[in-house]
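**Student:** First, the structure itself, so that you have it in front of you.
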Amino acid sequence: MIPDWACERRRMVEEQLRRRGIKDERVLAAMLEIPRQEFVPVELRVLSYQDDPIDIGCGQTISQPYMTALMAQSLELRGTETILDVGTGSGYGAAVLGALGARVISIELVPNLAEWASRNLERTGRAGNVQVITGDGSVGYPQAAPYDAITVGAAAPEVPAALVDQLRVSSRLVIPVGTRQDQSLMIITRKRVGKKTRVGTQCRFVPLRGAEGWR
Ligand code: SAH
């Protein structure tokens, strides 16, 4: 029997997102619209709307839906933004951001994942304003900077200075920072001079690799 994806999606939005405090109606609408099952390996699709991360191969995961929503909500997007998404993974997070901003540059270190994510975005009609790049996003992507928002879907030992530098003044970076096991979701606002950091919820992400990540 083919699952009723739309029904599962509605339940996810109500029970995992709205009930837990996700209030941004644009984020809720985007997650109600984007077919998450298209970003999950075929053999694991039945798990698409569960309250957990899911393995996507290469030792990586697609984040728990609540985390994707919380990160997107933290960016307070209006629809006009150019967004940098570090750690494309499946491309699901990038698709959600594409529905919320004007343009998304999503950068992925693992070439196979970048290719798979590009196919997922194409197939779901989300590739129009989402560009996937293969490379080390721990140093950002200066070619398209400055950004109106930056999100990182992997945990860093410290906030990479290059990412803050590539933010426009008053714009935000959301990134898990901590040890390999435990992190806090940090929301950093770039100021004219320096930055302001707000420490959010505890979380657990896969490690950020590359020049500014874990060795
Ligand atoms: N947002 C993704 C999930 C991210 S999982 C989704 O919605 O599916 C984290 C991803 O970050 C993994 O795919 C991993 O390969 C990638 N990654 C880790 N270090 C990176 C780096 N330095 N640059 C770019 N991508 C990186």
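To be explicit about the labels: the chains of the structure tokens are called A, B, and onward in the order shown, and within each one the residues are counted from 1, while ligands get numbers from 1 in the order they are shown.
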Excluding same-chain residues fewer than 4 positions from Ile22 in chain A, what lies within 12 Å of it counting only C-alpha atoms, as a list of chain:residue names?
**Tutor:**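 The residues satisfying every condition are A:Met12, A:Val13, A:Glu14, A:Glu15, A:Gln16, A:Leu17, A:Arg18, A:Arg26, A:Val27, A:Leu28, A:Ala29, A:Met31, A:Pro65, A:Tyr66, A:Met67, A:Thr68, A:Ala69, A:Leu70, A:Met71, A:Ala72, A:Gln73, A:Ser74, A:Glu76.
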**Student:** Please identify which residues in chain A DSSP calls helix (DSSP H, G or I) from the backbone, and express them as a VMD selection string.
**Tutor:** chain A and resid 5 to 20 25 to 33 36 to 39 42 to 47 65 to 74 92 to 100 111 to 123 127 to 129 137 to 139 142 to 144 161 to 165
**Student:** Excluding Arg36 in chain A and any residue of its chain fewer than 2 positions from it, enumerate the residues within 7 Å of it, using only C-alpha atoms, and give them as a PyMOL selection string.
**Tutor:** chain A and resi 34+38-40+48+92
**Student:** Restricting the output to N, CA and C atoms, write the selected residues as a PDB file, in the first residue's frame.
**Tutor:**
ATOM      1  N   ILE A  34       6.521  20.647   0.805  1.00  0.00           N
ATOM      2  CA  ILE A  34       7.640  19.917   0.193  1.00  0.00           C
ATOM      3  C   ILE A  34       7.587  18.425   0.514  1.00  0.00           C
ATOM      4  N   GLU A  38      10.714  12.390  -1.057  1.00  0.00           N
ATOM      5  CA  GLU A  38      11.538  12.445  -2.272  1.00  0.00           C
ATOM      6  C   GLU A  38      13.005  12.728  -1.958  1.00  0.00           C
ATOM      7  N   PHE A  39      13.297  13.048  -0.689  1.00  0.00           N
ATOM      8  CA  PHE A  39      14.668  13.364  -0.265  1.00  0.00           C
ATOM      9  C   PHE A  39      15.215  12.282   0.664  1.00  0.00           C
ATOM     10  N   VAL A  40      14.518  11.143   0.710  1.00  0.00           N
ATOM     11  CA  VAL A  40      14.899  10.030   1.574  1.00  0.00           C
ATOM     12  C   VAL A  40      15.202   8.841   0.652  1.00  0.00           C
ATOM     13  N   SER A  48       9.875   8.638   6.322  1.00  0.00           N
ATOM     14  CA  SER A  48      10.041  10.047   5.930  1.00  0.00           C
ATOM     15  C   SER A  48       9.473  11.064   6.910  1.00  0.00           C
ATOM     16  N   TYR A  92      16.902  18.392   1.191  1.00  0.00           N
ATOM     17  CA  TYR A  92      15.599  18.754   1.766  1.00  0.00           C
ATOM     18  C   TYR A  92      15.636  20.128   2.437  1.00  0.00           C
TER      19      TYR A  92
END
**Student:** Could you check the closest approach to ligand 1 for each of A:Glu108, A:Asp55, A:Asp148, A:Asp165 and tell me which residue wins, using only C-alpha atoms and all ligand atoms?
**Tutor:**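 Answer, going by the shortest atom-to-atom distance: A:Glu108.
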**Student:** Counting only C-alpha atoms and all ligand atoms, which residues in chain A sit no more than 9 Å from ligand 1? For each one, give the nearest pair of atoms and the distance in Å, sorted by chain then residue number, as JSON lines.
**Tutor:**
{"residue": "A:Phe39", "atom": "CA", "partner": "ligand 1", "partner_atom_place_in_ligand_line": "8 (O)", "distance": 7.3}
{"residue": "A:Val40", "atom": "CA", "partner": "ligand 1", "partner_atom_place_in_ligand_line": "8 (O)", "distance": 8.4}
{"residue": "A:Pro53", "atom": "CA", "partner": "ligand 1", "partner_atom_place_in_ligand_line": "3 (C)", "distance": 8.8}
{"residue": "A:Ile54", "atom": "CA", "partner": "ligand 1", "partner_atom_place_in_ligand_line": "8 (O)", "distance": 8.8}
{"residue": "A:Ile56", "atom": "CA", "partner": "ligand 1", "partner_atom_place_in_ligand_line": "8 (O)", "distance": 7.9}
{"residue": "A:Gly57", "atom": "CA", "partner": "ligand 1", "partner_atom_place_in_ligand_line": "13 (O)", "distance": 8.8}
{"residue": "A:Cys58", "atom": "CA", "partner": "ligand 1", "partner_atom_place_in_ligand_line": "15 (O)", "distance": 7.4}
{"residue": "A:Gly59", "atom": "CA", "partner": "ligand 1", "partner_atom_place_in_ligand_line": "15 (O)", "distance": 8.0}
{"residue": "A:Gln60", "atom": "CA", "partner": "ligand 1", "partner_atom_place_in_ligand_line": "12 (C)", "distance": 5.1}
{"residue": "A:Thr61", "atom": "CA", "partner": "ligand 1", "partner_atom_place_in_ligand_line": "5 (S)", "distance": 4.9}
{"residue": "A:Ile62", "atom": "CA", "partner": "ligand 1", "partner_atom_place_in_ligand_line": "8 (O)", "distance": 3.6}
{"residue": "A:Ser63", "atom": "CA", "partner": "ligand 1", "partner_atom_place_in_ligand_line": "3 (C)", "distance": 5.2}
{"residue": "A:Gln64", "atom": "CA", "partner": "ligand 1", "partner_atom_place_in_ligand_line": "7 (O)", "distance": 8.5}
{"residue": "A:Pro65", "atom": "CA", "partner": "ligand 1", "partner_atom_place_in_ligand_line": "7 (O)", "distance": 8.7}
{"residue": "A:Thr68", "atom": "CA", "partner": "ligand 1", "partner_atom_place_in_ligand_line": "7 (O)", "distance": 7.0}
{"residue": "A:Asp85", "atom": "CA", "partner": "ligand 1", "partner_atom_place_in_ligand_line": "1 (N)", "distance": 7.6}
{"residue": "A:Val86", "atom": "CA", "partner": "ligand 1", "partner_atom_place_in_ligand_line": "24 (C)", "distance": 5.3}
{"residue": "A:Gly87", "atom": "CA", "partner": "ligand 1", "partner_atom_place_in_ligand_line": "11 (O)", "distance": 3.2}
{"residue": "A:Thr88", "atom": "CA", "partner": "ligand 1", "partner_atom_place_in_ligand_line": "2 (C)", "distance": 4.8}
{"residue": "A:Gly89", "atom": "CA", "partner": "ligand 1", "partner_atom_place_in_ligand_line": "13 (O)", "distance": 3.4}
{"residue": "A:Ser90", "atom": "CA", "partner": "ligand 1", "partner_atom_place_in_ligand_line": "8 (O)", "distance": 3.8}
{"residue": "A:Gly91", "atom": "CA", "partner": "ligand 1", "partner_atom_place_in_ligand_line": "8 (O)", "distance": 5.2}
{"residue": "A:Tyr92", "atom": "CA", "partner": "ligand 1", "partner_atom_place_in_ligand_line": "7 (O)", "distance": 4.2}
{"residue": "A:Gly93", "atom": "CA", "partner": "ligand 1", "partner_atom_place_in_ligand_line": "7 (O)", "distance": 3.7}
{"residue": "A:Ala94", "atom": "CA", "partner": "ligand 1", "partner_atom_place_in_ligand_line": "7 (O)", "distance": 6.5}
{"residue": "A:Ala95", "atom": "CA", "partner": "ligand 1", "partner_atom_place_in_ligand_line": "7 (O)", "distance": 8.2}
{"residue": "A:Val96", "atom": "CA", "partner": "ligand 1", "partner_atom_place_in_ligand_line": "7 (O)", "distance": 8.6}
{"residue": "A:Ser106", "atom": "CA", "partner": "ligand 1", "partner_atom_place_in_ligand_line": "24 (C)", "distance": 8.4}
{"residue": "A:Ile107", "atom": "CA", "partner": "ligand 1", "partner_atom_place_in_ligand_line": "24 (C)", "distance": 5.2}
{"residue": "A:Glu108", "atom": "CA", "partner": "ligand 1", "partner_atom_place_in_ligand_line": "25 (N)", "distance": 3.7}
{"residue": "A:Leu109", "atom": "CA", "partner": "ligand 1", "partner_atom_place_in_ligand_line": "24 (C)", "distance": 4.0}
{"residue": "A:Val110", "atom": "CA", "partner": "ligand 1", "partner_atom_place_in_ligand_line": "15 (O)", "distance": 5.2}
{"residue": "A:Pro111", "atom": "CA", "partner": "ligand 1", "partner_atom_place_in_ligand_line": "15 (O)", "distance": 8.7}
{"residue": "A:Leu113", "atom": "CA", "partner": "ligand 1", "partner_atom_place_in_ligand_line": "13 (O)", "distance": 6.4}
{"residue": "A:Ala114", "atom": "CA", "partner": "ligand 1", "partner_atom_place_in_ligand_line": "13 (O)", "distance": 8.0}
{"residue": "A:Ala117", "atom": "CA", "partner": "ligand 1", "partner_atom_place_in_ligand_line": "8 (O)", "distance": 8.2}
{"residue": "A:Ile133", "atom": "CA", "partner": "ligand 1", "partner_atom_place_in_ligand_line": "24 (C)", "distance": 8.9}
{"residue": "A:Thr134", "atom": "CA", "partner": "ligand 1", "partner_atom_place_in_ligand_line": "24 (C)", "distance": 7.5}
{"residue": "A:Gly135", "atom": "CA", "partner": "ligand 1", "partner_atom_place_in_ligand_line": "24 (C)", "distance": 5.9}
{"residue": "A:Asp136", "atom": "CA", "partner": "ligand 1", "partner_atom_place_in_ligand_line": "23 (N)", "distance": 3.8}
{"residue": "A:Gly137", "atom": "CA", "partner": "ligand 1", "partner_atom_place_in_ligand_line": "23 (N)", "distance": 3.6}
{"residue": "A:Ser138", "atom": "CA", "partner": "ligand 1", "partner_atom_place_in_ligand_line": "22 (N)", "distance": 4.3}
{"residue": "A:Val139", "atom": "CA", "partner": "ligand 1", "partner_atom_place_in_ligand_line": "22 (N)", "distance": 7.5}
{"residue": "A:Gly140", "atom": "CA", "partner": "ligand 1", "partner_atom_place_in_ligand_line": "23 (N)", "distance": 8.1}
{"residue": "A:Thr151", "atom": "CA", "partner": "ligand 1", "partner_atom_place_in_ligand_line": "1 (N)", "distance": 8.7}
{"residue": "A:Val152", "atom": "CA", "partner": "ligand 1", "partner_atom_place_in_ligand_line": "1 (N)", "distance": 7.5}
{"residue": "A:Gly153", "atom": "CA", "partner": "ligand 1", "partner_atom_place_in_ligand_line": "4 (C)", "distance": 4.5}
{"residue": "A:Ala154", "atom": "CA", "partner": "ligand 1", "partner_atom_place_in_ligand_line": "9 (C)", "distance": 4.7}
{"residue": "A:Ala155", "atom": "CA", "partner": "ligand 1", "partner_atom_place_in_ligand_line": "18 (C)", "distance": 8.2}
{"residue": "A:Ala156", "atom": "CA", "partner": "ligand 1", "partner_atom_place_in_ligand_line": "19 (N)", "distance": 8.8}
{"residue": "A:Phe205", "atom": "CA", "partner": "ligand 1", "partner_atom_place_in_ligand_line": "5 (S)", "distance": 7.4}
{"residue": "A:Val206", "atom": "CA", "partner": "ligand 1", "partner_atom_place_in_ligand_line": "9 (C)", "distance": 6.0}
{"residue": "A:Pro207", "atom": "CA", "partner": "ligand 1", "partner_atom_place_in_ligand_line": "18 (C)", "distance": 6.2}
{"residue": "A:Leu208", "atom": "CA", "partner": "ligand 1", "partner_atom_place_in_ligand_line": "19 (N)", "distance": 3.8}
{"residue": "A:Arg209", "atom": "CA", "partner": "ligand 1", "partner_atom_place_in_ligand_line": "19 (N)", "distance": 3.9}
{"residue": "A:Gly210", "atom": "CA", "partner": "ligand 1", "partner_atom_place_in_ligand_line": "22 (N)", "distance": 4.1}
{"residue": "A:Ala211", "atom": "CA", "partner": "ligand 1", "partner_atom_place_in_ligand_line": "22 (N)", "distance": 7.0}
{"residue": "A:Glu212", "atom": "CA", "partner": "ligand 1", "partner_atom_place_in_ligand_line": "22 (N)", "distance": 7.3}
{"residue": "A:Gly213", "atom": "CA", "partner": "ligand 1", "partner_atom_place_in_ligand_line": "22 (N)", "distance": 6.3}
{"residue": "A:Trp214", "atom": "CA", "partner": "ligand 1", "partner_atom_place_in_ligand_line": "19 (N)", "distance": 8.5}
**Student:** For CA of Leu167 in chain A and CA of Cys203 in chain A, quote the distance in Å rounded to one decimal.
**Tutor:**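 Computing the Euclidean distance for CA of Leu167 in chain A and CA of Cys203 in chain A yields 23.5 Å.
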**Student:** Would you give me, as a PyMOL selection string, the residues in range 8-62 of chain A that DSSP reads as strand (DSSP E)?
**Tutor:** chain A and resi 54-57+60-62
**Student:** Quick one: everything within 7 Å of range 179-191 of chain A, counting only C-alpha atoms, minus sequence neighbours fewer than 5 positions away in the same chain. Send it as a ChimeraX atom specification.
**Tutor:** /A:157,164,167,169-174,196-204,207
**Student:** Could you take the residues named above and write them with all heavy atoms, as a tab-separated table (two decimals), in the first residue's frame?
**Tutor:**
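Result file follows (result-v9.tsv):
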chain	number	residue	atom	x	y	z
A	157	PRO	N	33.31	22.81	15.74
A	157	PRO	CA	33.95	22.99	17.05
A	157	PRO	C	33.86	24.45	17.52
A	157	PRO	O	33.78	24.72	18.70
A	157	PRO	CB	35.40	22.58	16.80
A	157	PRO	CG	35.58	22.50	15.32
A	157	PRO	CD	34.25	22.40	14.69
A	164	VAL	N	30.87	34.23	9.29
A	164	VAL	CA	30.41	35.52	9.82
A	164	VAL	C	30.80	36.64	8.85
A	164	VAL	O	30.01	37.54	8.57
A	164	VAL	CB	30.97	35.78	11.24
A	164	VAL	CG1	30.51	37.12	11.78
A	164	VAL	CG2	30.58	34.65	12.19
A	167	LEU	N	28.42	37.25	5.95
A	167	LEU	CA	27.06	37.72	6.25
A	167	LEU	C	26.96	39.21	6.01
A	167	LEU	O	27.87	39.97	6.34
A	167	LEU	CB	26.75	37.50	7.73
A	167	LEU	CG	26.19	36.19	8.23
A	167	LEU	CD1	26.02	36.29	9.75
A	167	LEU	CD2	24.86	35.86	7.58
A	169	VAL	N	25.53	42.85	7.17
A	169	VAL	CA	25.29	43.42	8.50
A	169	VAL	C	23.81	43.24	8.86
A	169	VAL	O	22.94	43.42	8.00
A	169	VAL	CB	25.70	44.91	8.55
A	169	VAL	CG1	25.28	45.56	9.87
A	169	VAL	CG2	27.20	45.05	8.37
A	170	SER	N	23.53	42.85	10.12
A	170	SER	CA	22.19	42.57	10.65
A	170	SER	C	21.62	41.22	10.23
A	170	SER	O	20.51	40.87	10.61
A	170	SER	CB	21.17	43.65	10.27
A	170	SER	OG	21.59	44.89	10.73
A	171	SER	N	22.38	40.46	9.43
A	171	SER	CA	21.89	39.14	9.00
A	171	SER	C	22.35	38.05	9.97
A	171	SER	O	23.21	38.29	10.81
A	171	SER	CB	22.39	38.84	7.59
A	171	SER	OG	21.81	39.74	6.68
A	172	ARG	N	21.73	36.87	9.83
A	172	ARG	CA	21.95	35.80	10.81
A	172	ARG	C	22.59	34.55	10.24
A	172	ARG	O	22.33	34.17	9.10
A	172	ARG	CB	20.60	35.34	11.37
A	172	ARG	CG	19.92	36.37	12.18
A	172	ARG	CD	18.86	35.71	13.05
A	172	ARG	NE	18.31	36.76	13.88
A	172	ARG	CZ	17.27	37.49	13.52
A	172	ARG	NH1	16.63	37.25	12.41
A	172	ARG	NH2	16.86	38.47	14.30
A	173	LEU	N	23.35	33.90	11.14
A	173	LEU	CA	23.94	32.59	10.88
A	173	LEU	C	23.40	31.65	11.95
A	173	LEU	O	23.41	31.98	13.13
A	173	LEU	CB	25.46	32.70	11.01
A	173	LEU	CG	26.28	31.44	11.30
A	173	LEU	CD1	26.23	30.47	10.12
A	173	LEU	CD2	27.74	31.81	11.60
A	174	VAL	N	22.88	30.48	11.53
A	174	VAL	CA	22.46	29.49	12.52
A	174	VAL	C	23.32	28.23	12.33
A	174	VAL	O	23.46	27.72	11.22
A	174	VAL	CB	20.93	29.23	12.48
A	174	VAL	CG1	20.44	28.83	11.12
A	174	VAL	CG2	20.54	28.16	13.49
A	196	LYS	N	26.66	39.38	17.57
A	196	LYS	CA	25.91	39.05	18.79
A	196	LYS	C	25.54	37.57	18.71
A	196	LYS	O	25.07	37.11	17.67
A	196	LYS	CB	24.65	39.91	18.84
A	196	LYS	CG	23.90	39.81	20.15
A	196	LYS	CD	22.59	40.58	20.11
A	196	LYS	CE	21.46	39.66	19.70
A	196	LYS	NZ	20.21	40.35	19.40
A	197	THR	N	25.76	36.84	19.80
A	197	THR	CA	25.49	35.40	19.79
A	197	THR	C	24.38	35.05	20.77
A	197	THR	O	24.41	35.48	21.92
A	197	THR	CB	26.77	34.61	20.18
A	197	THR	OG1	27.81	34.97	19.29
A	197	THR	CG2	26.55	33.11	20.11
A	198	ARG	N	23.42	34.29	20.29
A	198	ARG	CA	22.37	33.78	21.16
A	198	ARG	C	22.49	32.26	21.17
A	198	ARG	O	22.59	31.63	20.12
A	198	ARG	CB	21.00	34.20	20.61
A	198	ARG	CG	19.83	33.80	21.48
A	198	ARG	CD	18.64	34.74	21.27
A	198	ARG	NE	18.05	34.68	19.94
A	198	ARG	CZ	17.19	33.75	19.53
A	198	ARG	NH1	16.82	32.78	20.35
A	198	ARG	NH2	16.69	33.77	18.31
A	199	VAL	N	22.51	31.67	22.37
A	199	VAL	CA	22.65	30.22	22.47
A	199	VAL	C	21.27	29.61	22.57
A	199	VAL	O	20.49	29.93	23.47
A	199	VAL	CB	23.50	29.84	23.71
A	199	VAL	CG1	23.64	28.33	23.82
A	199	VAL	CG2	24.88	30.49	23.63
A	200	GLY	N	20.97	28.73	21.62
A	200	GLY	CA	19.64	28.10	21.58
A	200	GLY	C	19.65	26.70	22.15
A	200	GLY	O	20.45	26.40	23.05
A	201	THR	N	18.80	25.85	21.63
A	201	THR	CA	18.59	24.51	22.19
A	201	THR	C	19.78	23.58	21.99
A	201	THR	O	20.58	23.74	21.09
A	201	THR	CB	17.39	23.82	21.50
A	201	THR	OG1	17.55	24.00	20.09
A	201	THR	CG2	16.07	24.39	21.94
A	202	GLN	N	19.84	22.55	22.85
A	202	GLN	CA	20.81	21.47	22.72
A	202	GLN	C	20.46	20.66	21.48
A	202	GLN	O	19.27	20.48	21.17
A	202	GLN	CB	20.75	20.55	23.93
A	202	GLN	CG	21.27	21.17	25.21
A	202	GLN	CD	22.75	21.54	25.08
A	202	GLN	OE1	23.07	22.71	25.09
A	202	GLN	NE2	23.62	20.56	24.93
A	203	CYS	N	21.46	20.14	20.80
A	203	CYS	CA	21.19	19.35	19.61
A	203	CYS	C	22.35	18.41	19.33
A	203	CYS	O	23.38	18.47	20.00
A	203	CYS	CB	20.96	20.28	18.41
A	203	CYS	SG	22.27	21.48	18.16
A	204	ARG	N	22.15	17.55	18.34
A	204	ARG	CA	23.21	16.61	17.96
A	204	ARG	C	23.22	16.44	16.45
A	204	ARG	O	22.29	15.87	15.88
A	204	ARG	CB	22.97	15.27	18.64
A	204	ARG	CG	24.12	14.35	18.38
A	204	ARG	CD	24.07	13.10	19.20
A	204	ARG	NE	25.34	12.41	18.99
A	204	ARG	CZ	25.69	11.32	19.61
A	204	ARG	NH1	24.89	10.77	20.50
A	204	ARG	NH2	26.84	10.76	19.35
A	207	PRO	N	29.33	15.69	12.32
A	207	PRO	CA	30.41	16.68	12.36
A	207	PRO	C	30.60	17.44	11.05
A	207	PRO	O	30.48	16.85	9.97
A	207	PRO	CB	31.66	15.86	12.67
A	207	PRO	CG	31.24	14.47	12.93
A	207	PRO	CD	29.84	14.30	12.45
**Student:** CA of Asp24 in chain A and CA of Val132 in chain A are how many Å apart?
**Tutor:**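 Atom-to-atom, CA of Asp24 in chain A and CA of Val132 in chain A are spaced 25.7 Å apart.
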**Student:** Just checking: using only C-alpha atoms, which residue out of A:Pro3, A:Gly79, A:Pro142, A:Pro35 ends up closest to Arg126 in chain A?
**Tutor:**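 For Arg126 in chain A, the nearest of the given residues is A:Pro35.
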**Student:** Point out the residue among A:Ile105, A:Leu44, A:Arg168, A:Ala30 with the least atom-to-atom distance to Ser118 in chain A, counting only C-alpha atoms.
**Tutor:**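 When distances to Ser118 in chain A are compared using only C-alpha atoms, the smallest one comes from A:Ile105.
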